[in-house]
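Peer 1: Structure: model30.txt, compact mmCIF, C-alpha atoms.
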```txt
# COMPACT_ATOMS: atom_id res chain seq x y z
CA MET I 22 -6.57 -10.35 -4.41
CA ILE I 23 -8.35 -7.01 -4.07
CA SER I 24 -6.75 -5.56 -7.19
CA GLU I 25 -5.85 -8.18 -9.77
CA ASP I 26 -4.43 -5.42 -11.97
CA CYS I 27 -2.23 -4.05 -9.15
CA ASP I 28 -4.05 -0.71 -9.00
CA VAL I 29 -3.18 1.22 -5.82
CA ASP I 30 -6.24 3.43 -6.22
CA ARG I 31 -8.52 0.39 -6.34
CA LEU I 32 -6.96 -1.02 -3.18
CA ILE I 33 -7.35 2.30 -1.39
CA GLY I 34 -10.98 2.58 -2.52
CA THR I 35 -11.64 -0.82 -0.96
CA ILE I 36 -9.94 -0.22 2.40
CA LYS I 37 -10.32 3.52 3.04
CA GLU I 38 -13.53 3.29 5.09
CA LEU I 39 -12.59 0.16 7.05
CA PRO I 40 -11.60 0.14 10.72
CA TYR I 41 -7.90 -0.14 11.57
CA HIS I 42 -7.80 -3.88 12.20
CA GLU I 43 -9.49 -4.58 8.85
CA VAL I 44 -7.23 -2.13 6.99
CA LEU I 45 -4.22 -3.90 8.45
CA THR I 46 -5.61 -7.39 7.75
CA PHE I 47 -6.68 -6.65 4.16
CA THR I 48 -3.41 -4.89 3.38
CA ILE I 49 -1.30 -7.73 4.76
CA LYS I 50 -3.33 -10.28 2.78
CA GLU I 51 -2.98 -8.18 -0.36
CA GLY I 52 0.76 -8.08 0.20
CA TYR I 53 0.94 -11.87 0.40
CA ALA I 54 -1.23 -12.21 -2.70
CA CYS I 55 1.02 -9.75 -4.49
CA ASP I 56 4.09 -11.79 -3.55
CA ASP I 57 2.39 -14.89 -4.97
CA LEU I 58 1.50 -12.99 -8.15
CA LEU I 59 5.09 -11.85 -8.59
CA VAL I 60 6.37 -15.43 -8.28
CA HIS I 61 3.74 -16.62 -10.74
CA CYS I 62 4.58 -13.85 -13.23
CA LYS I 63 8.29 -14.67 -13.05
CA LYS I 64 7.58 -18.36 -13.51
CA GLU I 65 5.37 -17.68 -16.52
CA GLY I 66 7.94 -15.39 -18.12
CA ALA I 67 5.97 -12.16 -17.85
CA SER I 68 7.33 -9.05 -19.51
CA GLU I 69 9.60 -6.73 -17.56
CA GLU I 70 6.84 -4.10 -17.72
CA ASP I 71 4.35 -6.44 -16.03
CA LEU I 72 6.90 -7.43 -13.41
CA GLU I 73 7.64 -3.77 -12.66
CA ARG I 74 3.90 -3.02 -12.26
CA VAL I 75 3.60 -5.80 -9.67
CA ARG I 76 6.81 -4.67 -7.91
CA GLU I 77 5.55 -1.09 -7.65
CA TYR I 78 2.25 -2.27 -6.22
CA ARG I 79 4.03 -4.51 -3.74
CA LYS I 80 6.30 -1.61 -2.70
CA ALA I 81 3.26 0.64 -2.12
CA ILE I 82 1.72 -2.00 0.14
CA GLN I 83 4.97 -2.58 2.01
CA ASP I 84 5.48 1.16 2.54
CA PHE I 85 2.01 1.66 4.00
CA LEU I 86 2.35 -1.39 6.23
CA PHE I 87 5.73 -0.12 7.41
CA LEU I 88 4.11 3.15 8.45
CA LEU I 89 1.27 1.39 10.27
CA GLN I 90 3.51 -1.08 12.05
CA MET I 91 6.64 0.98 12.70
CA GLY I 92 5.25 4.51 12.85
CA GLN I 93 7.95 5.76 10.49
CA ARG I 94 8.15 6.97 6.91
CA PRO I 95 9.54 4.25 4.63
CA ASP I 96 12.54 4.63 2.35
CA TYR I 97 11.72 5.46 -1.23
CA ILE I 98 13.42 4.27 -4.37
CA THR I 99 11.55 6.14 -7.10
CA ARG I 100 9.21 9.09 -7.51
CA LYS I 101 6.42 6.59 -8.29
CA ASN I 102 7.01 5.01 -4.86
CA VAL I 103 6.46 8.41 -3.25
CA GLU I 104 3.29 9.03 -5.26
CA ASN I 105 1.83 5.62 -4.41
CA TYR I 106 2.69 5.95 -0.73
CA ASN I 107 1.08 9.38 -0.46
CA LYS I 108 -2.16 8.01 -1.93
CA PHE I 109 -2.63 6.11 1.34
CA ARG I 110 -3.04 9.41 3.21
CA VAL I 111 -6.80 9.22 2.71
CA VAL I 112 -6.85 5.88 4.55
CA ALA I 113 -4.84 7.35 7.42
CA GLU I 114 -7.08 10.43 7.55
CA ASN I 115 -10.17 8.25 7.89
CA LEU I 116 -8.54 6.24 10.67
CA VAL I 117 -7.64 9.47 12.48
CA LYS I 118 -11.26 10.69 12.15
CA LYS I 119 -12.42 7.43 13.70
CA GLY I 120 -9.95 7.86 16.56
CA GLU I 121 -8.06 4.71 15.61
CA LEU I 122 -4.79 6.49 14.78
CA LEU I 123 -3.21 9.56 16.32
CA PRO I 124 -3.24 12.70 14.12
CA ALA I 125 0.59 12.75 14.16
CA ILE I 126 0.52 9.87 11.65
CA LEU I 127 -0.45 12.41 8.98
CA ASN I 128 2.94 14.11 9.40
CA PHE I 129 4.48 11.11 7.65
CA PHE I 130 2.78 11.98 4.36
CA ASP I 131 3.66 14.71 1.90
CA ARG I 132 1.01 17.31 1.19
```
Please express what this file holds, its structure, as structure tokens.

Peer 2:
Amino acid sequence: MISEDCDVDRLIGTIKELPYHEVLTFTIKEGYACDDLLVHCKKEGASEEDLERVREYRKAIQDFLFLLQMGQRPDYITRKNVENYNKFRVVAENLVKKGELLPAILNFFDR
């Protein structure tokens, strides 16, 4: 797992300079690892706070993947979901600069 502590900023720092196919691959793998972590935490009886931290991280990953794969803004549940999602703008900006995504993708982020 890229971020064992489920830190969106750490994940973004790791993937933000990568080419599109690696961003997609790393993010998908992180999503699977996060799913495994959530199952493990539930099995071990983790606190609700720890479970919520993993869920928020997983939601951030899912939202960014949804944008990359569907070309649409995801649905949000909480303000934290919006904040985490918008952190991925830097990744999208770098992919636009590299010519790997169309500039219109940036319209799906809040400024």

Peer 1: Of the candidates I:Ile98, I:Leu123, I:Ile36, I:Val44, which one gets nearest to Glu77 in chain I if we count all atoms listed in the file?

Peer 2: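 Between I:Ile98, I:Leu123, I:Ile36, I:Val44, the residue approaching Glu77 in chain I most closely is I:Ile98.
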
Peer 1: So that I can see what lies close to Pro95 in chain I, please list as a PyMOL selection string the residues with an atom at most 7 Å from it, counting all atoms listed in the file and leaving out residues fewer than 5 positions away in the same chain.

Peer 2: chain I and resi 84+87-88

Peer 1: Calculated over only C-alpha atoms, which of the candidates I:Leu89, I:Cys55, I:Ile23, I:Ile82 has the smallest distance to Leu116 in chain I?

Peer 2: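 Of the candidates, the smallest distance to Leu116 in chain I is held by I:Leu89.
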
Peer 1: For the contact check between range 47-86 of chain I and range 101-110 of chain I, emit one row per residue of range 47-86 of chain I within 12 Å, containing the shortest atom pair and the distance in Å rounded to one decimal, counting all atoms listed in the file, chain then rising number order, as CSV.

Peer 2:
```
residue,atom,partner,partner_atom,distance
I:Thr48,CA,I:Phe109,CA,11.2
I:Glu73,CA,I:Lys101,CA,11.3
I:Arg74,CA,I:Lys101,CA,10.7
I:Arg76,CA,I:Asn102,CA,10.2
I:Glu77,CA,I:Asn102,CA,6.9
I:Tyr78,CA,I:Asn105,CA,8.1
I:Arg79,CA,I:Asn102,CA,10.0
I:Lys80,CA,I:Asn102,CA,7.0
I:Ala81,CA,I:Tyr106,CA,5.5
I:Ile82,CA,I:Tyr106,CA,8.1
I:Gln83,CA,I:Tyr106,CA,9.2
I:Asp84,CA,I:Tyr106,CA,6.4
I:Phe85,CA,I:Tyr106,CA,6.4
I:Leu86,CA,I:Tyr106,CA,10.1
```

Peer 1: As a PyMOL selection string, please: the residues near Asp57 in chain I (cut-off 12 Å, only C-alpha atoms, same-chain neighbours under 3 positions excluded).

Peer 2: chain I and resi 22+25+50-54+60-64+75-76+79

Peer 1: I'd like to know which of I:Arg132, I:Gly120, I:Val112, I:Gln93 is closest to Glu38 in chain I, using all atoms listed in the file.

Peer 2: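 Counting all atoms listed in the file, the residue closest to Glu38 in chain I is I:Val112.
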
Peer 1: Kindly give the distance, in Å, that separates CA of Tyr97 in chain I and CA of Asn128 in chain I, rounded to a single decimal.

Peer 2: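 One can read the CA of Tyr97 in chain I to CA of Asn128 in chain I distance as 16.3 Å.
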
Peer 1: Mind pulling up the distance from CA of Arg100 in chain I to CA of Glu69 in chain I?

Peer 2: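 Interatomic distance here is 18.7 Å.
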
Peer 1: Any idea what the distance is between CA of Asp30 in chain I and CA of Leu72 in chain I?

Peer 2: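 Distance between the two atoms: 18.5 Å.
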
Peer 1: Could you check which of I:Ile49, I:Cys27, I:Leu58, I:Leu127 is closest to Val111 in chain I, using only C-alpha atoms?

Peer 2: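 With only C-alpha atoms as the atom set, the closest residue is I:Leu127.
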
Peer 1: Looking at I:Leu32, I:Asp96, I:Gln90, I:Glu121, which one is nearest to Phe47 in chain I, with distances taken over all atoms listed in the file?

Peer 2: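 Result for the nearest residue to Phe47 in chain I: I:Leu32.
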
Peer 1: Edge lengths and centre, in Å to one decimal, as JSON: that's what I need for the box along x, y and z that holds all listed atoms of range 83-88 of chain I plus 5 Å on each side.

Peer 2:
```
{"center_x": 3.9, "center_y": 0.3, "center_z": 5.2, "size_x": 13.7, "size_y": 15.7, "size_z": 16.4}
```
